[in-house]
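*Asks:* Please see the structure below; I have some questions.
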Amino acid sequence: MLSSSFFDSDKKRVAMKRVIVQDTDLDLLTILTFLLEEASFEVLPVSHCKDVASKINSFDPQLIVLDFRLSGEECTCLCAAIKKDFPCIPIVALSCNHNIQKQYAICGFDDYVAKPFDIEHLLSVMRKY
């Protein structure tokens, strides 16, 4: 369990960075939204990959976290489309794919976090951007 001091210290380091988080697992998406908001992120949760692109202009995210499913095909196409129109927005793959360490850069992602993950590790990766 994470202590409140964990979140308090992170609030000083992360100044309300806007992030779109996409995951098809609604339970995980709910938990991620809660934890990231506690760590001072402004989170727009999105369950369907196809809905992410339409939210970018209105939400103006500083970071996008995408669910990289086993094949990663749909997510890779979305990453390429986002990078074409918004090359400065970093995109992190969140994946249970055992090859993600080799695939993320080839697919156009800036970074990755392998599932299952530790929230401190996810926050560390997100803070880089």
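Every chain in the structure tokens takes a letter, A first, then B, and so on in the order presented; its residues are numbered from 1, and the ligands are numbered from 1 following the presented order.
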According to DSSP computed on the backbone, where in chain A is there alpha helix (DSSP H)? Give the residues as a PyMOL selection string.
*Replies:* chain A and resi 4-13+26-38+52-59+73-85+100-103+119-127
*Asks:* Restricting it to C-alpha atoms, dump the selection as a PDB file, in the first residue's frame.
*Replies:*
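And here's part_2.pdb as it stands now:
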ATOM      1  CA  SER A   4       0.026   9.520   1.624  1.00  0.00           C
ATOM      2  CA  SER A   5       3.565  10.871   1.884  1.00  0.00           C
ATOM      3  CA  PHE A   6       4.344   9.063  -1.387  1.00  0.00           C
ATOM      4  CA  PHE A   7       1.694  11.120  -3.136  1.00  0.00           C
ATOM      5  CA  ASP A   8       2.491  14.333  -1.269  1.00  0.00           C
ATOM      6  CA  SER A   9       6.122  14.237  -2.337  1.00  0.00           C
ATOM      7  CA  ASP A  10       5.108  13.541  -5.931  1.00  0.00           C
ATOM      8  CA  LYS A  11       2.707  16.485  -5.950  1.00  0.00           C
ATOM      9  CA  LYS A  12       5.672  18.789  -5.434  1.00  0.00           C
ATOM     10  CA  ARG A  13       7.523  17.281  -8.410  1.00  0.00           C
ATOM     11  CA  LEU A  26     -11.894  -0.667 -17.198  1.00  0.00           C
ATOM     12  CA  ASP A  27     -10.878  -1.717 -13.686  1.00  0.00           C
ATOM     13  CA  LEU A  28      -7.222  -0.956 -14.393  1.00  0.00           C
ATOM     14  CA  LEU A  29      -8.197   2.317 -16.071  1.00  0.00           C
ATOM     15  CA  THR A  30     -10.171   3.370 -12.985  1.00  0.00           C
ATOM     16  CA  ILE A  31      -7.303   2.503 -10.641  1.00  0.00           C
ATOM     17  CA  LEU A  32      -4.711   4.230 -12.847  1.00  0.00           C
ATOM     18  CA  THR A  33      -6.874   7.339 -13.049  1.00  0.00           C
ATOM     19  CA  PHE A  34      -7.196   7.483  -9.268  1.00  0.00           C
ATOM     20  CA  LEU A  35      -3.496   6.881  -8.590  1.00  0.00           C
ATOM     21  CA  LEU A  36      -2.315   9.361 -11.212  1.00  0.00           C
ATOM     22  CA  GLU A  37      -4.724  12.036  -9.990  1.00  0.00           C
ATOM     23  CA  GLU A  38      -3.413  11.468  -6.460  1.00  0.00           C
ATOM     24  CA  VAL A  52      -7.828   8.757 -28.238  1.00  0.00           C
ATOM     25  CA  ALA A  53      -7.040  10.831 -31.347  1.00  0.00           C
ATOM     26  CA  SER A  54     -10.306  12.767 -31.149  1.00  0.00           C
ATOM     27  CA  LYS A  55      -9.521  13.859 -27.560  1.00  0.00           C
ATOM     28  CA  ILE A  56      -6.061  15.310 -28.207  1.00  0.00           C
ATOM     29  CA  ASN A  57      -7.029  18.775 -29.476  1.00  0.00           C
ATOM     30  CA  SER A  58      -9.559  19.477 -26.727  1.00  0.00           C
ATOM     31  CA  PHE A  59      -7.533  18.027 -23.826  1.00  0.00           C
ATOM     32  CA  GLU A  73      -1.210  -3.610 -34.216  1.00  0.00           C
ATOM     33  CA  GLU A  74      -4.073  -1.193 -33.477  1.00  0.00           C
ATOM     34  CA  CYS A  75      -2.028   0.695 -30.903  1.00  0.00           C
ATOM     35  CA  THR A  76       0.977   0.939 -33.229  1.00  0.00           C
ATOM     36  CA  CYS A  77      -1.188   2.459 -35.977  1.00  0.00           C
ATOM     37  CA  LEU A  78      -2.610   4.951 -33.479  1.00  0.00           C
ATOM     38  CA  CYS A  79       0.869   5.841 -32.223  1.00  0.00           C
ATOM     39  CA  ALA A  80       2.035   6.506 -35.797  1.00  0.00           C
ATOM     40  CA  ALA A  81      -1.005   8.695 -36.517  1.00  0.00           C
ATOM     41  CA  ILE A  82      -0.526  10.715 -33.323  1.00  0.00           C
ATOM     42  CA  LYS A  83       3.208  11.147 -33.961  1.00  0.00           C
ATOM     43  CA  LYS A  84       2.447  12.382 -37.489  1.00  0.00           C
ATOM     44  CA  ASP A  85       0.119  15.139 -36.251  1.00  0.00           C
ATOM     45  CA  ILE A 100       7.647  -4.882 -25.518  1.00  0.00           C
ATOM     46  CA  GLN A 101      11.225  -4.027 -24.545  1.00  0.00           C
ATOM     47  CA  LYS A 102      12.315  -4.810 -28.110  1.00  0.00           C
ATOM     48  CA  GLN A 103       9.200  -3.501 -29.881  1.00  0.00           C
ATOM     49  CA  ILE A 119       3.105   2.381  -9.682  1.00  0.00           C
ATOM     50  CA  GLU A 120       6.385   3.989  -8.624  1.00  0.00           C
ATOM     51  CA  HIS A 121       7.998   2.721 -11.839  1.00  0.00           C
ATOM     52  CA  LEU A 122       5.111   4.034 -13.953  1.00  0.00           C
ATOM     53  CA  LEU A 123       5.368   7.442 -12.283  1.00  0.00           C
ATOM     54  CA  SER A 124       9.135   7.457 -12.798  1.00  0.00           C
ATOM     55  CA  VAL A 125       8.710   6.827 -16.527  1.00  0.00           C
ATOM     56  CA  MET A 126       5.962   9.450 -16.787  1.00  0.00           C
ATOM     57  CA  ARG A 127       8.069  12.063 -14.973  1.00  0.00           C
TER      58      ARG A 127
END
*Asks:* For A:Leu63, which residue among A:Ala93, A:Val19, A:Phe86, A:Asn99 is the nearest when counting only C-alpha atoms?
*Replies:*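 For A:Leu63, the nearest of the given residues is A:Val19.
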*Asks:* What is the distance, in Å and to one decimal place, between atom CA of A:Asp118 and atom CA of A:Phe68?
*Replies:*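 Computed distance, atom CA of A:Asp118 to atom CA of A:Phe68, equals 17.0 Å.
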*Asks:* Can you work out the spacing between atom CA of A:Ala105 and atom CA of A:Glu42 in Å, to one decimal?
*Replies:*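 Calculated distance between atom CA of A:Ala105 and atom CA of A:Glu42 is 25.9 Å.
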*Asks:* Considering only C-alpha atoms, can you say which of A:Cys96, A:Pro45, A:Ser40, A:Lys128 comes closest to A:Val65?
*Replies:* A:Pro45
*Asks:* Between atom CA of A:Leu66 and atom CA of A:Ile91, what is the distance, to one decimal in Å?
*Replies:*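 One can read the atom CA of A:Leu66 to atom CA of A:Ile91 distance as 7.2 Å.
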*Asks:* I'd like the contact shell of A:Ala114 - 7 Å cut-off, only C-alpha atoms, skipping same-chain residues fewer than 2 positions apart - returned as a ChimeraX atom specification.
*Replies:* /A:94-96,112,116-117
*Asks:* Go through A:Gln62, A:Cys88, A:Arg69, A:Tyr129 one by one, measure the shortest atom-to-atom distance of each to A:Tyr104 using only C-alpha atoms, and give the residue with the smallest value.
*Replies:*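 Closest candidate: A:Arg69.
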*Asks:* Which is closer to A:Pro61 than all the others in A:Ala39, A:Val92, A:Ile20, A:Val46, using only C-alpha atoms?
*Replies:*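 Closest candidate: A:Ile20.
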*Asks:* Between A:Ile89, A:Asp60, A:Val43, A:Asp111, single out the one closest to A:Gln22, counting only C-alpha atoms.
*Replies:*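 Among the listed residues, A:Val43 lies closest to A:Gln22.
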*Asks:* Hey, what does DSSP flag as strand (DSSP E or B) within chain A? Can you give it to me as a list of chain:residue names?
*Replies:*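 Taking chain A and keeping strand (DSSP E or B) gives A:Lys17, A:Arg18, A:Val19, A:Ile20, A:Val21, A:Gln22, A:Phe41, A:Glu42, A:Val43, A:Leu44, A:Pro45, A:Val46, A:Leu63, A:Ile64, A:Val65, A:Leu66, A:Asp67, A:Phe68, A:Ile91, A:Val92, A:Ala93, A:Leu94, A:Ser95, A:Asp111, A:Tyr112, A:Val113, A:Ala114.
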*Asks:* Store the residues picked out above, limited to C-alpha atoms, as a short mmCIF file (atom, residue, chain, number, x, y, z; two decimals), in the first residue's frame.
*Replies:*
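Saved file selection.cif follows:
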data_model
loop_
_atom_site.label_atom_id
_atom_site.label_comp_id
_atom_site.auth_asym_id
_atom_site.auth_seq_id
_atom_site.Cartn_x
_atom_site.Cartn_y
_atom_site.Cartn_z
CA LYS A 17 0.70 17.36 -16.13
CA ARG A 18 -2.20 16.49 -18.45
CA VAL A 19 -2.17 12.87 -19.57
CA ILE A 20 -4.48 10.72 -21.66
CA VAL A 21 -4.51 7.15 -20.36
CA GLN A 22 -6.02 4.48 -22.59
CA PHE A 41 -1.72 14.40 -12.92
CA GLU A 42 -4.80 15.66 -14.71
CA VAL A 43 -6.06 12.45 -16.30
CA LEU A 44 -8.41 11.85 -19.20
CA PRO A 45 -9.24 8.13 -19.12
CA VAL A 46 -10.16 6.55 -22.47
CA LEU A 63 1.77 12.75 -22.36
CA ILE A 64 -0.22 9.79 -23.68
CA VAL A 65 -0.20 6.28 -22.20
CA LEU A 66 -1.56 3.60 -24.55
CA ASP A 67 -2.51 0.00 -23.86
CA PHE A 68 -0.24 -2.04 -26.14
CA ILE A 91 3.67 8.29 -25.95
CA VAL A 92 4.28 5.49 -23.45
CA ALA A 93 3.21 1.90 -24.16
CA LEU A 94 1.66 0.03 -21.24
CA SER A 95 1.92 -3.63 -22.16
CA ASP A 111 8.98 4.57 -23.69
CA TYR A 112 7.17 1.58 -22.20
CA VAL A 113 6.05 0.09 -18.91
CA ALA A 114 5.58 -3.68 -18.76
#
